[in-house]
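Pasted below: my_file.txt, compact mmCIF, N, CA and C atoms.
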# COMPACT_ATOMS: atom_id res chain seq x y z
N MET U 1 24.50 -14.21 21.24
CA MET U 1 25.64 -14.95 20.75
C MET U 1 26.61 -13.92 20.16
N LYS U 2 27.87 -14.09 20.49
CA LYS U 2 28.92 -13.26 19.91
C LYS U 2 29.61 -14.07 18.83
N ILE U 3 29.96 -13.39 17.75
CA ILE U 3 30.67 -14.05 16.66
C ILE U 3 31.94 -13.26 16.40
N ARG U 4 33.05 -13.95 16.34
CA ARG U 4 34.32 -13.31 16.00
C ARG U 4 34.87 -14.01 14.77
N ILE U 5 35.20 -13.20 13.76
CA ILE U 5 35.76 -13.73 12.53
C ILE U 5 37.12 -13.09 12.32
N GLN U 6 38.10 -13.92 12.08
CA GLN U 6 39.44 -13.42 11.75
C GLN U 6 40.04 -14.37 10.72
N GLY U 7 40.29 -13.85 9.54
CA GLY U 7 40.82 -14.71 8.48
C GLY U 7 39.90 -15.90 8.27
N ASN U 8 40.46 -17.09 8.25
CA ASN U 8 39.70 -18.32 8.08
C ASN U 8 39.39 -18.97 9.42
N SER U 9 38.92 -18.15 10.34
CA SER U 9 38.55 -18.63 11.66
C SER U 9 37.26 -17.95 12.09
N ILE U 10 36.33 -18.73 12.63
CA ILE U 10 35.08 -18.18 13.14
C ILE U 10 34.83 -18.77 14.52
N ARG U 11 34.45 -17.89 15.46
CA ARG U 11 34.22 -18.34 16.84
C ARG U 11 32.86 -17.85 17.31
N PHE U 12 32.09 -18.77 17.83
CA PHE U 12 30.79 -18.47 18.43
C PHE U 12 30.95 -18.54 19.94
N ARG U 13 30.50 -17.51 20.65
CA ARG U 13 30.53 -17.51 22.11
C ARG U 13 29.10 -17.31 22.61
N LEU U 14 28.62 -18.28 23.39
CA LEU U 14 27.24 -18.26 23.85
C LEU U 14 27.15 -18.04 25.35
N LYS U 15 26.18 -17.24 25.75
CA LYS U 15 25.90 -17.02 27.17
C LYS U 15 25.06 -18.19 27.69
N GLN U 16 24.83 -18.21 29.00
CA GLN U 16 24.17 -19.35 29.64
C GLN U 16 22.80 -19.65 29.04
N THR U 17 21.97 -18.63 28.88
CA THR U 17 20.63 -18.84 28.35
C THR U 17 20.68 -19.36 26.92
N GLU U 18 21.66 -18.89 26.15
CA GLU U 18 21.80 -19.34 24.77
C GLU U 18 22.23 -20.80 24.69
N VAL U 19 23.14 -21.21 25.58
CA VAL U 19 23.55 -22.62 25.62
C VAL U 19 22.36 -23.50 25.97
N LYS U 20 21.57 -23.04 26.93
CA LYS U 20 20.38 -23.81 27.33
C LYS U 20 19.39 -23.91 26.17
N ARG U 21 19.15 -22.80 25.49
CA ARG U 21 18.23 -22.79 24.35
C ARG U 21 18.75 -23.70 23.23
N PHE U 22 20.05 -23.64 22.97
CA PHE U 22 20.65 -24.51 21.95
C PHE U 22 20.46 -25.98 22.32
N SER U 23 20.67 -26.29 23.59
CA SER U 23 20.50 -27.66 24.07
C SER U 23 19.06 -28.14 23.89
N GLU U 24 18.11 -27.28 24.20
CA GLU U 24 16.70 -27.66 24.14
C GLU U 24 16.12 -27.62 22.73
N MET U 25 16.50 -26.60 21.95
CA MET U 25 15.88 -26.40 20.63
C MET U 25 16.71 -26.95 19.48
N GLY U 26 18.01 -27.10 19.70
CA GLY U 26 18.86 -27.65 18.65
C GLY U 26 19.38 -26.63 17.66
N GLU U 27 19.05 -25.36 17.88
CA GLU U 27 19.50 -24.32 16.95
C GLU U 27 19.42 -22.96 17.64
N ILE U 28 20.36 -22.11 17.27
CA ILE U 28 20.35 -20.74 17.75
C ILE U 28 20.86 -19.86 16.63
N THR U 29 20.26 -18.68 16.49
CA THR U 29 20.60 -17.79 15.38
C THR U 29 20.88 -16.39 15.90
N GLU U 30 21.90 -15.76 15.34
CA GLU U 30 22.18 -14.35 15.59
C GLU U 30 21.99 -13.63 14.26
N THR U 31 21.26 -12.52 14.28
CA THR U 31 20.95 -11.79 13.07
C THR U 31 21.53 -10.39 13.14
N THR U 32 22.19 -9.98 12.06
CA THR U 32 22.69 -8.62 11.93
C THR U 32 21.93 -7.96 10.79
N TYR U 33 21.28 -6.83 11.12
CA TYR U 33 20.48 -6.11 10.13
C TYR U 33 21.30 -4.98 9.52
N PHE U 34 21.22 -4.85 8.18
CA PHE U 34 21.97 -3.83 7.46
C PHE U 34 21.06 -2.76 6.86
N GLY U 35 19.79 -2.96 6.89
CA GLY U 35 18.87 -2.00 6.28
C GLY U 35 17.46 -2.27 6.72
N VAL U 36 16.52 -1.67 6.02
CA VAL U 36 15.12 -1.77 6.43
C VAL U 36 14.37 -2.91 5.73
N LEU U 37 14.91 -3.40 4.64
CA LEU U 37 14.24 -4.48 3.93
C LEU U 37 14.51 -5.82 4.62
N PRO U 38 13.56 -6.73 4.58
CA PRO U 38 13.76 -8.04 5.22
C PRO U 38 15.01 -8.78 4.73
N ALA U 39 15.39 -8.58 3.48
CA ALA U 39 16.56 -9.27 2.93
C ALA U 39 17.88 -8.61 3.34
N ASP U 40 17.82 -7.45 3.95
CA ASP U 40 19.03 -6.72 4.35
C ASP U 40 19.54 -7.19 5.71
N LYS U 41 19.81 -8.48 5.80
CA LYS U 41 20.30 -9.04 7.06
C LYS U 41 21.27 -10.17 6.78
N PHE U 42 22.05 -10.48 7.79
CA PHE U 42 23.00 -11.59 7.70
C PHE U 42 22.79 -12.47 8.91
N LEU U 43 22.70 -13.78 8.71
CA LEU U 43 22.42 -14.73 9.78
C LEU U 43 23.65 -15.59 10.08
N PHE U 44 23.87 -15.81 11.37
CA PHE U 44 24.85 -16.79 11.85
C PHE U 44 24.04 -17.84 12.59
N VAL U 45 24.12 -19.09 12.15
CA VAL U 45 23.30 -20.15 12.71
C VAL U 45 24.20 -21.24 13.27
N LEU U 46 23.92 -21.64 14.51
CA LEU U 46 24.56 -22.80 15.12
C LEU U 46 23.47 -23.83 15.32
N LYS U 47 23.68 -25.02 14.76
CA LYS U 47 22.64 -26.04 14.90
C LYS U 47 23.24 -27.40 15.21
N ARG U 48 22.40 -28.23 15.79
CA ARG U 48 22.76 -29.61 16.08
C ARG U 48 22.85 -30.37 14.78
N GLY U 49 23.96 -31.04 14.59
CA GLY U 49 24.12 -31.86 13.40
C GLY U 49 23.63 -33.28 13.65
N SER U 50 23.41 -34.00 12.58
CA SER U 50 22.96 -35.38 12.70
C SER U 50 24.10 -36.37 12.41
N SER U 51 25.26 -35.84 12.03
CA SER U 51 26.38 -36.72 11.73
C SER U 51 27.46 -36.56 12.80
N ASN U 52 28.57 -37.24 12.60
CA ASN U 52 29.69 -37.16 13.54
C ASN U 52 30.71 -36.11 13.13
N ASP U 53 30.39 -35.31 12.12
CA ASP U 53 31.33 -34.33 11.61
C ASP U 53 30.81 -32.92 11.80
N PHE U 54 31.75 -32.00 12.09
CA PHE U 54 31.45 -30.58 12.04
C PHE U 54 31.19 -30.22 10.59
N LYS U 55 30.24 -29.35 10.34
CA LYS U 55 29.99 -28.87 8.98
C LYS U 55 29.79 -27.37 9.03
N ILE U 56 30.20 -26.70 7.97
CA ILE U 56 29.95 -25.28 7.84
C ILE U 56 29.49 -25.02 6.41
N SER U 57 28.49 -24.15 6.28
CA SER U 57 28.02 -23.81 4.94
C SER U 57 27.77 -22.31 4.87
N PHE U 58 27.95 -21.79 3.68
CA PHE U 58 27.70 -20.39 3.41
C PHE U 58 26.70 -20.32 2.27
N ARG U 59 25.56 -19.74 2.56
CA ARG U 59 24.51 -19.55 1.55
C ARG U 59 24.13 -18.08 1.57
N THR U 60 23.30 -17.68 0.68
CA THR U 60 22.87 -16.29 0.61
C THR U 60 22.51 -15.78 1.99
N ASN U 61 23.26 -14.80 2.43
CA ASN U 61 23.01 -14.08 3.69
C ASN U 61 23.13 -14.93 4.95
N SER U 62 23.81 -16.08 4.91
CA SER U 62 23.92 -16.84 6.15
C SER U 62 25.13 -17.77 6.18
N VAL U 63 25.64 -17.94 7.39
CA VAL U 63 26.67 -18.92 7.70
C VAL U 63 26.04 -19.89 8.69
N THR U 64 26.10 -21.18 8.39
CA THR U 64 25.53 -22.19 9.28
C THR U 64 26.61 -23.17 9.69
N VAL U 65 26.73 -23.37 10.99
CA VAL U 65 27.66 -24.35 11.55
C VAL U 65 26.83 -25.46 12.19
N GLU U 66 27.13 -26.69 11.82
CA GLU U 66 26.48 -27.86 12.42
C GLU U 66 27.48 -28.55 13.33
N MET U 67 27.11 -28.68 14.60
CA MET U 67 27.96 -29.34 15.60
C MET U 67 27.57 -30.80 15.70
N PRO U 68 28.53 -31.72 15.68
CA PRO U 68 28.22 -33.14 15.77
C PRO U 68 27.39 -33.48 17.02
N ALA U 69 26.53 -34.46 16.86
CA ALA U 69 25.59 -34.84 17.92
C ALA U 69 26.27 -35.12 19.25
N ALA U 70 27.26 -35.99 19.27
CA ALA U 70 27.91 -36.34 20.53
C ALA U 70 28.61 -35.14 21.16
N MET U 71 29.12 -34.26 20.34
CA MET U 71 29.86 -33.10 20.83
C MET U 71 28.94 -32.07 21.48
N TRP U 72 27.77 -31.78 20.85
CA TRP U 72 26.90 -30.77 21.44
C TRP U 72 26.30 -31.27 22.75
N VAL U 73 26.04 -32.57 22.86
CA VAL U 73 25.51 -33.10 24.12
C VAL U 73 26.53 -32.91 25.23
N LYS U 74 27.77 -33.27 24.98
CA LYS U 74 28.83 -33.13 25.98
C LYS U 74 29.06 -31.66 26.32
N TRP U 75 29.09 -30.79 25.33
CA TRP U 75 29.38 -29.38 25.56
C TRP U 75 28.27 -28.69 26.37
N THR U 76 27.02 -28.98 26.06
CA THR U 76 25.93 -28.30 26.76
C THR U 76 25.65 -28.88 28.15
N ALA U 77 26.01 -30.13 28.39
CA ALA U 77 25.66 -30.79 29.65
C ALA U 77 26.79 -30.85 30.67
N THR U 78 27.97 -30.36 30.31
CA THR U 78 29.11 -30.45 31.22
C THR U 78 29.78 -29.08 31.38
N ASP U 79 30.88 -29.06 32.12
CA ASP U 79 31.67 -27.84 32.29
C ASP U 79 32.64 -27.60 31.15
N LEU U 80 32.58 -28.40 30.11
CA LEU U 80 33.45 -28.22 28.96
C LEU U 80 33.26 -26.80 28.42
N VAL U 81 34.35 -26.04 28.32
CA VAL U 81 34.28 -24.63 27.92
C VAL U 81 34.00 -24.48 26.44
N GLY U 82 34.68 -25.25 25.61
CA GLY U 82 34.50 -25.08 24.18
C GLY U 82 34.98 -26.26 23.37
N VAL U 83 34.64 -26.21 22.10
CA VAL U 83 35.07 -27.22 21.16
C VAL U 83 35.63 -26.51 19.93
N GLU U 84 36.55 -27.18 19.26
CA GLU U 84 37.21 -26.59 18.11
C GLU U 84 37.40 -27.65 17.04
N GLU U 85 37.27 -27.24 15.81
CA GLU U 85 37.45 -28.16 14.69
C GLU U 85 37.99 -27.38 13.49
N VAL U 86 38.87 -27.99 12.74
CA VAL U 86 39.33 -27.41 11.49
C VAL U 86 38.65 -28.19 10.37
N ILE U 87 37.91 -27.48 9.56
CA ILE U 87 37.17 -28.09 8.46
C ILE U 87 37.91 -27.76 7.17
N THR U 88 38.23 -28.79 6.41
CA THR U 88 38.98 -28.61 5.17
C THR U 88 38.08 -28.94 3.98
N ALA U 89 38.10 -28.03 3.02
CA ALA U 89 37.37 -28.24 1.76
C ALA U 89 38.32 -27.89 0.63
N GLY U 90 38.77 -28.89 -0.08
CA GLY U 90 39.75 -28.65 -1.13
C GLY U 90 41.06 -28.17 -0.53
N ALA U 91 41.57 -27.06 -1.03
CA ALA U 91 42.84 -26.53 -0.55
C ALA U 91 42.65 -25.57 0.62
N GLU U 92 41.41 -25.25 0.98
CA GLU U 92 41.13 -24.27 2.03
C GLU U 92 40.65 -24.95 3.31
N SER U 93 40.97 -24.33 4.44
CA SER U 93 40.50 -24.80 5.74
C SER U 93 39.92 -23.63 6.51
N ILE U 94 38.98 -23.91 7.39
CA ILE U 94 38.44 -22.90 8.28
C ILE U 94 38.37 -23.50 9.69
N LYS U 95 38.84 -22.74 10.66
CA LYS U 95 38.79 -23.19 12.05
C LYS U 95 37.48 -22.68 12.65
N VAL U 96 36.73 -23.59 13.26
CA VAL U 96 35.46 -23.26 13.89
C VAL U 96 35.59 -23.54 15.39
N GLN U 97 35.24 -22.55 16.21
CA GLN U 97 35.25 -22.71 17.66
C GLN U 97 33.86 -22.36 18.18
N VAL U 98 33.38 -23.14 19.15
CA VAL U 98 32.13 -22.85 19.84
C VAL U 98 32.46 -22.88 21.32
N GLU U 99 32.20 -21.76 22.02
CA GLU U 99 32.62 -21.63 23.41
C GLU U 99 31.52 -21.02 24.27
N LYS U 100 31.62 -21.28 25.55
CA LYS U 100 30.78 -20.61 26.53
C LYS U 100 31.40 -19.24 26.81
N ASP U 101 30.56 -18.23 26.92
CA ASP U 101 31.03 -16.86 27.09
C ASP U 101 31.18 -16.54 28.58
N PHE U 102 32.39 -16.15 28.98
CA PHE U 102 32.68 -15.83 30.38
C PHE U 102 32.62 -14.33 30.63
N GLN U 103 32.33 -13.98 31.88
CA GLN U 103 32.33 -12.58 32.30
C GLN U 103 33.73 -12.00 32.20
N CYS U 104 33.79 -10.74 31.83
CA CYS U 104 35.06 -10.00 31.82
C CYS U 104 35.11 -9.13 33.06
N MET U 105 36.23 -9.13 33.73
CA MET U 105 36.36 -8.35 34.96
C MET U 105 36.23 -6.85 34.68
N ASP U 106 36.63 -6.42 33.48
CA ASP U 106 36.51 -5.00 33.15
C ASP U 106 35.30 -4.73 32.25
N GLY U 107 34.43 -5.72 32.12
CA GLY U 107 33.22 -5.55 31.31
C GLY U 107 32.14 -4.84 32.09
N THR U 108 31.21 -4.26 31.37
CA THR U 108 30.08 -3.60 32.01
C THR U 108 29.09 -4.64 32.52
N GLU U 109 28.20 -4.20 33.36
CA GLU U 109 27.17 -5.10 33.88
C GLU U 109 26.33 -5.66 32.74
N ALA U 110 26.03 -4.80 31.77
CA ALA U 110 25.24 -5.25 30.61
C ALA U 110 26.00 -6.28 29.79
N ASP U 111 27.31 -6.07 29.60
CA ASP U 111 28.12 -7.02 28.83
C ASP U 111 28.20 -8.37 29.53
N ASN U 112 28.26 -8.35 30.85
CA ASN U 112 28.45 -9.57 31.62
C ASN U 112 27.15 -10.28 31.99
N LYS U 113 26.03 -9.64 31.73
CA LYS U 113 24.75 -10.24 32.07
C LYS U 113 24.61 -11.60 31.39
N ASP U 114 24.30 -12.61 32.16
CA ASP U 114 24.04 -13.97 31.70
C ASP U 114 25.28 -14.71 31.22
N ALA U 115 26.47 -14.07 31.33
CA ALA U 115 27.69 -14.78 30.97
C ALA U 115 28.06 -15.73 32.11
N TYR U 116 28.87 -16.71 31.78
CA TYR U 116 29.33 -17.67 32.79
C TYR U 116 30.31 -16.99 33.73
N PRO U 117 30.29 -17.34 35.01
CA PRO U 117 31.28 -16.78 35.93
C PRO U 117 32.69 -17.10 35.44
N ASN U 118 33.56 -16.12 35.48
CA ASN U 118 34.92 -16.28 34.98
C ASN U 118 35.76 -17.02 36.01
N PRO U 119 36.24 -18.21 35.70
CA PRO U 119 37.00 -19.00 36.67
C PRO U 119 38.38 -18.39 37.00
N ASN U 120 38.89 -17.57 36.11
CA ASN U 120 40.21 -16.97 36.31
C ASN U 120 40.15 -15.52 36.76
N ASN U 121 38.93 -14.96 36.83
CA ASN U 121 38.75 -13.57 37.19
C ASN U 121 39.52 -12.62 36.29
N VAL U 122 39.75 -13.02 35.06
CA VAL U 122 40.37 -12.15 34.06
C VAL U 122 39.59 -12.28 32.76
N CYS U 123 39.74 -11.31 31.89
CA CYS U 123 39.02 -11.34 30.63
C CYS U 123 39.91 -11.87 29.54
Let's see the structure in the file written out as structure tokens.
Amino acid sequence: MKIRIQGNSIRFRLKQTEVKRFSEMGEITETTYFGVLPADKFLFVLKRGSSNDFKISFRTNSVTVEMPAAMWVKWTATDLVGVEEVITAGAESIKVQVEKDFQCMDGTEADNKDAYPNPNNVC
């Protein structure tokens, strides 16, 4: 899973196997390690939600995004490329995007492995 953060925007991009695993298991996690101790890591979690609302939470060492039930079913079972939601809490908002990861024409074979075929042949 690739994660891109810019300002108050976070985007998850999943390859084919990751979308399948998310569909079957209901959760997928990407871990970034910063040191040798078990606590020296940061988790990005995408999980199936039980409500009709997108949710995002930040807890010690992790960001968790919950995708609404109807939305994850449609996204994983169809050609729908991605979903987007703006979540507002108080005076602040964060844009959350979850997308299928496409091959880049100038990407390496390793970068493009398991990515979705690019319908536009551009990155």
Of the residues U:Ile28, U:Val36, U:Ala70, U:Lys55, which is the one nearest to Ile87 (chain U), using only N, CA and C atoms? U:Lys55
Enter the distance from CA of Met1 (chain U) to CA of Phe102 (chain U), in Å, rounded to one decimal. 12.0 Å
Near Lys2 (chain U), within 8 Å and counting all atoms listed in the file, which residues show up once chain neighbours fewer than 5 positions away are dropped, as number ranges by chain? U: 11-15, 30, 101
Write out as number ranges by chain the residues lying within 7 Å of Asp53 (chain U), counting all atoms listed in the file and excluding same-chain residues fewer than 6 positions away. U: 66-69
Nearest residue to Val65 (chain U) from the set U:Phe44, U:Asp79, U:Thr88, U:Asn52 (distances using all atoms listed in the file): U:Phe44
Report as a list in words: the residues of region 17-72 of chain U with a DSSP assignment of alpha helix (DSSP H), based on the backbone of this structure. Thr17, Glu18, Val19, Lys20, Arg21, Phe22, Ser23, Glu24, Met25, Ala69, Ala70, Met71 and Trp72 of chain U
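Among the candidates U:Asn61, U:Phe22, U:Glu85, U:Ile10, the one nearest to Ala39 (chain U) when counting all atoms listed in the file is U:Asn61.
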Select, from U:Leu46, U:Ala91, U:Val96, U:Met71, the residue with the minimum atom-to-atom distance to Glu18 (chain U), counting only C-alpha atoms. U:Leu46
Coordinates-based distance that separates CA of Glu84 (chain U) from CA of Glu99 (chain U) (Å, one decimal):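 About the pair CA of Glu99 (chain U) and CA of Glu84 (chain U): they are 8.6 Å apart.
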Per-residue DSSP, region 2-74 of chain U, filtered to strand (DSSP E or B), as a PDB file with N, CA and C atoms, keeping the file's coordinate frame:
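In the end it all went to out.pdb:
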ATOM      1  N   LYS U   2      27.870 -14.090  20.490  1.00  0.00           N
ATOM      2  CA  LYS U   2      28.920 -13.260  19.910  1.00  0.00           C
ATOM      3  C   LYS U   2      29.610 -14.070  18.830  1.00  0.00           C
ATOM      4  N   ILE U   3      29.960 -13.390  17.750  1.00  0.00           N
ATOM      5  CA  ILE U   3      30.670 -14.050  16.660  1.00  0.00           C
ATOM      6  C   ILE U   3      31.940 -13.260  16.400  1.00  0.00           C
ATOM      7  N   ARG U   4      33.050 -13.950  16.340  1.00  0.00           N
ATOM      8  CA  ARG U   4      34.320 -13.310  16.000  1.00  0.00           C
ATOM      9  C   ARG U   4      34.870 -14.010  14.770  1.00  0.00           C
ATOM     10  N   ILE U   5      35.200 -13.200  13.760  1.00  0.00           N
ATOM     11  CA  ILE U   5      35.760 -13.730  12.530  1.00  0.00           C
ATOM     12  C   ILE U   5      37.120 -13.090  12.320  1.00  0.00           C
ATOM     13  N   GLN U   6      38.100 -13.920  12.080  1.00  0.00           N
ATOM     14  CA  GLN U   6      39.440 -13.420  11.750  1.00  0.00           C
ATOM     15  C   GLN U   6      40.040 -14.370  10.720  1.00  0.00           C
ATOM     16  N   SER U   9      38.920 -18.150  10.340  1.00  0.00           N
ATOM     17  CA  SER U   9      38.550 -18.630  11.660  1.00  0.00           C
ATOM     18  C   SER U   9      37.260 -17.950  12.090  1.00  0.00           C
ATOM     19  N   ILE U  10      36.330 -18.730  12.630  1.00  0.00           N
ATOM     20  CA  ILE U  10      35.080 -18.180  13.140  1.00  0.00           C
ATOM     21  C   ILE U  10      34.830 -18.770  14.520  1.00  0.00           C
ATOM     22  N   ARG U  11      34.450 -17.890  15.460  1.00  0.00           N
ATOM     23  CA  ARG U  11      34.220 -18.340  16.840  1.00  0.00           C
ATOM     24  C   ARG U  11      32.860 -17.850  17.310  1.00  0.00           C
ATOM     25  N   PHE U  12      32.090 -18.770  17.830  1.00  0.00           N
ATOM     26  CA  PHE U  12      30.790 -18.470  18.430  1.00  0.00           C
ATOM     27  C   PHE U  12      30.950 -18.540  19.940  1.00  0.00           C
ATOM     28  N   ARG U  13      30.500 -17.510  20.650  1.00  0.00           N
ATOM     29  CA  ARG U  13      30.530 -17.510  22.110  1.00  0.00           C
ATOM     30  C   ARG U  13      29.100 -17.310  22.610  1.00  0.00           C
ATOM     31  N   LEU U  14      28.620 -18.280  23.390  1.00  0.00           N
ATOM     32  CA  LEU U  14      27.240 -18.260  23.850  1.00  0.00           C
ATOM     33  C   LEU U  14      27.150 -18.040  25.350  1.00  0.00           C
ATOM     34  N   GLU U  27      19.050 -25.360  17.880  1.00  0.00           N
ATOM     35  CA  GLU U  27      19.500 -24.320  16.950  1.00  0.00           C
ATOM     36  C   GLU U  27      19.420 -22.960  17.640  1.00  0.00           C
ATOM     37  N   ILE U  28      20.360 -22.110  17.270  1.00  0.00           N
ATOM     38  CA  ILE U  28      20.350 -20.740  17.750  1.00  0.00           C
ATOM     39  C   ILE U  28      20.860 -19.860  16.630  1.00  0.00           C
ATOM     40  N   THR U  29      20.260 -18.680  16.490  1.00  0.00           N
ATOM     41  CA  THR U  29      20.600 -17.790  15.380  1.00  0.00           C
ATOM     42  C   THR U  29      20.880 -16.390  15.900  1.00  0.00           C
ATOM     43  N   GLU U  30      21.900 -15.760  15.340  1.00  0.00           N
ATOM     44  CA  GLU U  30      22.180 -14.350  15.590  1.00  0.00           C
ATOM     45  C   GLU U  30      21.990 -13.630  14.260  1.00  0.00           C
ATOM     46  N   THR U  31      21.260 -12.520  14.280  1.00  0.00           N
ATOM     47  CA  THR U  31      20.950 -11.790  13.070  1.00  0.00           C
ATOM     48  C   THR U  31      21.530 -10.390  13.140  1.00  0.00           C
ATOM     49  N   THR U  32      22.190  -9.980  12.060  1.00  0.00           N
ATOM     50  CA  THR U  32      22.690  -8.620  11.930  1.00  0.00           C
ATOM     51  C   THR U  32      21.930  -7.960  10.790  1.00  0.00           C
ATOM     52  N   TYR U  33      21.280  -6.830  11.120  1.00  0.00           N
ATOM     53  CA  TYR U  33      20.480  -6.110  10.130  1.00  0.00           C
ATOM     54  C   TYR U  33      21.300  -4.980   9.520  1.00  0.00           C
ATOM     55  N   LYS U  41      19.810  -8.480   5.800  1.00  0.00           N
ATOM     56  CA  LYS U  41      20.300  -9.040   7.060  1.00  0.00           C
ATOM     57  C   LYS U  41      21.270 -10.170   6.780  1.00  0.00           C
ATOM     58  N   PHE U  42      22.050 -10.480   7.790  1.00  0.00           N
ATOM     59  CA  PHE U  42      23.000 -11.590   7.700  1.00  0.00           C
ATOM     60  C   PHE U  42      22.790 -12.470   8.910  1.00  0.00           C
ATOM     61  N   LEU U  43      22.700 -13.780   8.710  1.00  0.00           N
ATOM     62  CA  LEU U  43      22.420 -14.730   9.780  1.00  0.00           C
ATOM     63  C   LEU U  43      23.650 -15.590  10.080  1.00  0.00           C
ATOM     64  N   PHE U  44      23.870 -15.810  11.370  1.00  0.00           N
ATOM     65  CA  PHE U  44      24.850 -16.790  11.850  1.00  0.00           C
ATOM     66  C   PHE U  44      24.040 -17.840  12.590  1.00  0.00           C
ATOM     67  N   VAL U  45      24.120 -19.090  12.150  1.00  0.00           N
ATOM     68  CA  VAL U  45      23.300 -20.150  12.710  1.00  0.00           C
ATOM     69  C   VAL U  45      24.200 -21.240  13.270  1.00  0.00           C
ATOM     70  N   LEU U  46      23.920 -21.640  14.510  1.00  0.00           N
ATOM     71  CA  LEU U  46      24.560 -22.800  15.120  1.00  0.00           C
ATOM     72  C   LEU U  46      23.470 -23.830  15.320  1.00  0.00           C
ATOM     73  N   LYS U  47      23.680 -25.020  14.760  1.00  0.00           N
ATOM     74  CA  LYS U  47      22.640 -26.040  14.900  1.00  0.00           C
ATOM     75  C   LYS U  47      23.240 -27.400  15.210  1.00  0.00           C
ATOM     76  N   ARG U  48      22.400 -28.230  15.790  1.00  0.00           N
ATOM     77  CA  ARG U  48      22.760 -29.610  16.080  1.00  0.00           C
ATOM     78  C   ARG U  48      22.850 -30.370  14.780  1.00  0.00           C
ATOM     79  N   LYS U  55      30.240 -29.350  10.340  1.00  0.00           N
ATOM     80  CA  LYS U  55      29.990 -28.870   8.980  1.00  0.00           C
ATOM     81  C   LYS U  55      29.790 -27.370   9.030  1.00  0.00           C
ATOM     82  N   ILE U  56      30.200 -26.700   7.970  1.00  0.00           N
ATOM     83  CA  ILE U  56      29.950 -25.280   7.840  1.00  0.00           C
ATOM     84  C   ILE U  56      29.490 -25.020   6.410  1.00  0.00           C
ATOM     85  N   SER U  57      28.490 -24.150   6.280  1.00  0.00           N
ATOM     86  CA  SER U  57      28.020 -23.810   4.940  1.00  0.00           C
ATOM     87  C   SER U  57      27.770 -22.310   4.870  1.00  0.00           C
ATOM     88  N   PHE U  58      27.950 -21.790   3.680  1.00  0.00           N
ATOM     89  CA  PHE U  58      27.700 -20.390   3.410  1.00  0.00           C
ATOM     90  C   PHE U  58      26.700 -20.320   2.270  1.00  0.00           C
ATOM     91  N   ARG U  59      25.560 -19.740   2.560  1.00  0.00           N
ATOM     92  CA  ARG U  59      24.510 -19.550   1.550  1.00  0.00           C
ATOM     93  C   ARG U  59      24.130 -18.080   1.570  1.00  0.00           C
ATOM     94  N   SER U  62      23.810 -16.080   4.910  1.00  0.00           N
ATOM     95  CA  SER U  62      23.920 -16.840   6.150  1.00  0.00           C
ATOM     96  C   SER U  62      25.130 -17.770   6.180  1.00  0.00           C
ATOM     97  N   VAL U  63      25.640 -17.940   7.390  1.00  0.00           N
ATOM     98  CA  VAL U  63      26.670 -18.920   7.700  1.00  0.00           C
ATOM     99  C   VAL U  63      26.040 -19.890   8.690  1.00  0.00           C
ATOM    100  N   THR U  64      26.100 -21.180   8.390  1.00  0.00           N
ATOM    101  CA  THR U  64      25.530 -22.190   9.280  1.00  0.00           C
ATOM    102  C   THR U  64      26.610 -23.170   9.690  1.00  0.00           C
ATOM    103  N   VAL U  65      26.730 -23.370  10.990  1.00  0.00           N
ATOM    104  CA  VAL U  65      27.660 -24.350  11.550  1.00  0.00           C
ATOM    105  C   VAL U  65      26.830 -25.460  12.190  1.00  0.00           C
ATOM    106  N   GLU U  66      27.130 -26.690  11.820  1.00  0.00           N
ATOM    107  CA  GLU U  66      26.480 -27.860  12.420  1.00  0.00           C
ATOM    108  C   GLU U  66      27.480 -28.550  13.330  1.00  0.00           C
ATOM    109  N   MET U  67      27.110 -28.680  14.600  1.00  0.00           N
ATOM    110  CA  MET U  67      27.960 -29.340  15.600  1.00  0.00           C
ATOM    111  C   MET U  67      27.570 -30.800  15.700  1.00  0.00           C
TER     112      MET U  67
END
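The coordinates place atom C of Ile94 (chain U) at 27.5 Å from CA of Asn120 (chain U).
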Of the residues U:Arg48, U:Asn112, U:Arg59, U:Gly82, which is the one nearest to Met25 (chain U), using only N, CA and C atoms?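 Counting only N, CA and C atoms, the residue closest to Met25 (chain U) is U:Arg48.
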